[in-house]
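J.: One file is attached below, target_5.txt, containing compact mmCIF, C-alpha atoms.
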```txt
# COMPACT_ATOMS: atom_id res chain seq x y z
CA MET F 1 -14.19 -25.21 -45.71
CA THR F 2 -13.64 -26.14 -42.09
CA ILE F 3 -12.37 -29.54 -41.04
CA ASN F 4 -15.79 -30.42 -39.60
CA LYS F 5 -17.51 -29.63 -42.88
CA ALA F 6 -14.92 -31.61 -44.80
CA LEU F 7 -15.38 -34.63 -42.53
CA LEU F 8 -19.15 -34.35 -42.83
CA ALA F 9 -18.91 -34.22 -46.63
CA LEU F 10 -16.63 -37.26 -46.62
CA ALA F 11 -19.02 -39.20 -44.39
CA LEU F 12 -21.97 -38.32 -46.61
CA GLY F 13 -20.02 -39.42 -49.68
CA VAL F 14 -19.21 -42.79 -48.12
CA ALA F 15 -22.83 -43.26 -47.05
CA LEU F 16 -24.05 -42.44 -50.55
CA ALA F 17 -21.62 -44.92 -52.10
CA ALA F 18 -22.74 -47.62 -49.68
CA CYS F 19 -26.37 -46.93 -50.56
CA SER F 20 -25.71 -47.22 -54.28
CA ASN F 21 -23.87 -50.51 -53.74
CA ALA F 22 -26.78 -51.82 -51.67
CA GLU F 23 -29.24 -50.70 -54.36
CA GLN F 24 -27.14 -52.40 -57.04
CA ALA F 25 -27.03 -55.60 -54.98
CA ASN F 26 -30.78 -55.50 -54.36
CA SER F 27 -31.42 -55.01 -58.07
CA SER F 28 -29.19 -58.00 -58.84
CA ALA F 29 -31.01 -60.10 -56.26
CA GLU F 30 -34.35 -59.19 -57.85
CA GLY F 31 -33.02 -60.10 -61.29
CA ALA F 32 -31.71 -63.41 -60.01
CA ALA F 33 -35.06 -64.21 -58.39
CA GLU F 34 -36.85 -63.50 -61.68
CA ALA F 35 -34.40 -65.72 -63.56
CA ALA F 36 -34.92 -68.51 -61.03
CA ALA F 37 -38.70 -68.25 -61.42
CA ASP F 38 -38.35 -68.37 -65.21
CA ALA F 39 -36.04 -71.37 -64.97
CA GLN F 40 -38.53 -73.22 -62.77
CA ALA F 41 -41.35 -72.39 -65.19
CA ALA F 42 -39.27 -73.78 -68.06
CA ALA F 43 -38.54 -76.93 -66.06
CA ASN F 44 -42.24 -77.34 -65.28
CA GLU F 45 -43.09 -77.05 -68.99
CA THR F 46 -40.60 -79.75 -69.99
CA THR F 47 -42.55 -82.84 -70.94
CA ASP F 48 -39.74 -85.01 -72.26
CA PRO F 49 -38.54 -87.22 -69.38
CA ALA F 50 -35.10 -87.44 -70.98
CA VAL F 51 -34.48 -83.74 -70.46
CA ALA F 52 -36.76 -83.00 -67.49
CA GLU F 53 -34.02 -83.81 -65.00
CA THR F 54 -31.58 -81.50 -66.79
CA ALA F 55 -34.12 -78.68 -66.80
CA GLN F 56 -34.88 -79.19 -63.11
CA THR F 57 -31.18 -79.21 -62.26
CA ALA F 58 -30.78 -75.91 -64.09
CA ALA F 59 -33.78 -74.50 -62.22
CA ASN F 60 -32.26 -75.64 -58.93
CA ASP F 61 -28.97 -73.98 -59.89
CA ALA F 62 -30.82 -70.75 -60.68
CA ALA F 63 -32.59 -70.89 -57.30
CA ALA F 64 -29.26 -71.40 -55.52
CA ALA F 65 -27.78 -68.44 -57.38
CA ALA F 66 -30.79 -66.32 -56.44
CA ASP F 67 -30.26 -67.26 -52.79
CA ALA F 68 -26.60 -66.28 -53.09
CA ALA F 69 -27.59 -62.94 -54.63
CA ALA F 70 -30.03 -62.28 -51.80
CA ASP F 71 -27.33 -63.08 -49.24
CA ALA F 72 -24.90 -60.77 -51.02
CA ALA F 73 -27.51 -58.00 -51.07
CA ALA F 74 -27.96 -58.37 -47.32
CA ASP F 75 -24.19 -58.26 -46.91
CA ALA F 76 -24.00 -55.09 -49.00
CA SER F 77 -26.65 -53.42 -46.86
CA ALA F 78 -24.87 -54.39 -43.65
CA ALA F 79 -21.34 -53.67 -44.88
CA GLY F 80 -19.34 -51.40 -42.64
CA THR F 81 -17.06 -50.09 -45.37
CA ASP F 82 -17.50 -49.01 -48.94
CA ALA F 83 -15.07 -51.67 -50.12
CA ALA F 84 -17.04 -54.42 -48.40
CA ALA F 85 -20.30 -53.09 -49.83
CA GLU F 86 -18.76 -52.99 -53.30
CA GLN F 87 -17.52 -56.59 -52.98
CA ALA F 88 -20.95 -57.74 -51.85
CA ALA F 89 -22.61 -55.87 -54.73
CA ASP F 90 -20.19 -57.52 -57.17
CA ALA F 91 -21.00 -60.92 -55.66
CA ALA F 92 -24.70 -60.23 -56.17
CA ASP F 93 -24.04 -59.29 -59.81
CA HIS F 94 -22.13 -62.53 -60.39
CA ALA F 95 -24.92 -64.53 -58.75
CA GLU F 96 -27.49 -62.82 -60.99
CA THR F 97 -25.44 -63.78 -64.05
CA ALA F 98 -25.26 -67.38 -62.82
CA ALA F 99 -29.03 -67.44 -62.32
CA GLU F 100 -29.60 -66.08 -65.82
CA ASP F 101 -27.22 -68.66 -67.30
CA ALA F 102 -29.07 -71.44 -65.49
CA LYS F 103 -32.40 -70.06 -66.70
CA ASP F 104 -31.08 -70.09 -70.27
CA ALA F 105 -29.97 -73.71 -69.82
CA ALA F 106 -33.42 -74.70 -68.55
CA GLU F 107 -35.12 -72.93 -71.42
CA GLU F 108 -32.82 -74.53 -74.01
CA VAL F 109 -33.91 -78.05 -73.10
CA LYS F 110 -37.65 -77.43 -72.97
CA PRO F 111 -39.55 -78.40 -76.11
```
For the structure just supplied, provide its representation as structure tokens.
T.:
Amino acid sequence: MTINKALLALALGVALAACSNAEQANSSAEGAAEAAADAQAAANETTDPAVAETAQTAANDAAAAADAAADAAADASAAGTDAAAEQAADAADHAETAAEDAKDAAEEVKP
């Protein structure tokens, strides 16, 4: 294999890795958005005033995590290096988990 072919193969490998990180981050952002919507639905269904504020706070937390996941997905897509794309994808995964946890909290307090 010539040096040019080797460099081309390396560049394609890096591009493929960056794409998979961006796809992972986008998937996490979608999951976080779904969790935020579910959390808001749970908060809207809460009729007990004593827990309505708690449910709404959890829904707000889920929405903030979804925003963070979307930002991380954008960062992963724009990342100039594979390491940066991987970090952004990991951040999106953590934000999705936070959104799901907040959704669970909102659903736990609804009647």
J.: Could you tell me which of F:Ala33, F:Ala66, F:Ala91, F:Val109 comes closest to F:Ala50 if we count all atoms listed in the file?
T.: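 Under the stated criterion, the closest residue is F:Val109.
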J.: Could you tell me how far atom CA of F:Ala36 lies from atom CA of F:Ala63, in Å and to one decimal?
T.: 5.0 Å
J.: Would you pick out the contacts of F:Pro49 at 12 Å or less, using all atoms listed in the file, so that residues sharing its chain but fewer than 5 positions from it are not included, and give the list as a ChimeraX atom specification?
T.: /F:43-44,54-56,109-111
J.: Counting all atoms listed in the file, which residue out of F:Ala105, F:Ala76, F:Ala64, F:Val51 sits closest to F:Asp90?
T.: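 Of the candidates, the smallest distance to F:Asp90 is held by F:Ala76.
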J.: If you take every atom of stretch 77-90 of chain F that the file lists and fit an axis-aligned box around them with 5 Å extra on each side, what centre and edge lengths come out in Å to one decimal, as lines of an AutoDock Vina configuration file?
T.:
```
center_x = -20.9
center_y = -53.4
center_z = -49.9
size_x = 21.6
size_y = 18.7
size_z = 24.5
```
J.: Name the residues in contact with F:Ser77 at a cut-off of 9 Å, using all atoms listed in the file, excluding same-chain residues fewer than 5 positions from it; report them as a list in words.
T.: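 Close residues of F:Ser77: Ala18, Cys19, Asn21, Ala22, Glu23, Ala25, Asn26, Ala72, Ala85 and Ala88 of chain F.
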J.: Neighbouring residues of F:Glu34 were defined as those with any atom within 12 Å, considering only C-alpha atoms; residues of the same chain fewer than 3 positions away were excluded. Please report them as a ChimeraX atom specification.
T.: /F:27-31,37-41,59,62-63,65-67,69,96-97,99-100,102-103
J.: Take the residues from that selection and write them out as a CSV table (one decimal), in the frame of the given file, keeping C-alpha atoms.
T.:
```csv
chain,number,residue,atom,x,y,z
F,27,SER,CA,-31.4,-55.0,-58.1
F,28,SER,CA,-29.2,-58.0,-58.8
F,29,ALA,CA,-31.0,-60.1,-56.3
F,30,GLU,CA,-34.4,-59.2,-57.8
F,31,GLY,CA,-33.0,-60.1,-61.3
F,37,ALA,CA,-38.7,-68.2,-61.4
F,38,ASP,CA,-38.4,-68.4,-65.2
F,39,ALA,CA,-36.0,-71.4,-65.0
F,40,GLN,CA,-38.5,-73.2,-62.8
F,41,ALA,CA,-41.4,-72.4,-65.2
F,59,ALA,CA,-33.8,-74.5,-62.2
F,62,ALA,CA,-30.8,-70.8,-60.7
F,63,ALA,CA,-32.6,-70.9,-57.3
F,65,ALA,CA,-27.8,-68.4,-57.4
F,66,ALA,CA,-30.8,-66.3,-56.4
F,67,ASP,CA,-30.3,-67.3,-52.8
F,69,ALA,CA,-27.6,-62.9,-54.6
F,96,GLU,CA,-27.5,-62.8,-61.0
F,97,THR,CA,-25.4,-63.8,-64.0
F,99,ALA,CA,-29.0,-67.4,-62.3
F,100,GLU,CA,-29.6,-66.1,-65.8
F,102,ALA,CA,-29.1,-71.4,-65.5
F,103,LYS,CA,-32.4,-70.1,-66.7
```
J.: Find the distance between atom CA of F:Asp101 and atom CA of F:Gln24 and write it in Å to one decimal.
T.: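 Taking atom CA of F:Asp101 and atom CA of F:Gln24, their separation equals 19.2 Å.
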J.: From the set F:Ala68, F:Thr46, F:Ala35, F:Ala83, which residue has the shortest atom-to-atom contact distance to F:Asp104, counting all atoms listed in the file?
T.: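 Using all atoms listed in the file, the shortest distance to F:Asp104 belongs to F:Ala35.
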J.: Report, in Å with one decimal, the straight-line distance from atom CA of F:Ala74 to atom CA of F:Thr57.
T.: 25.8 Å
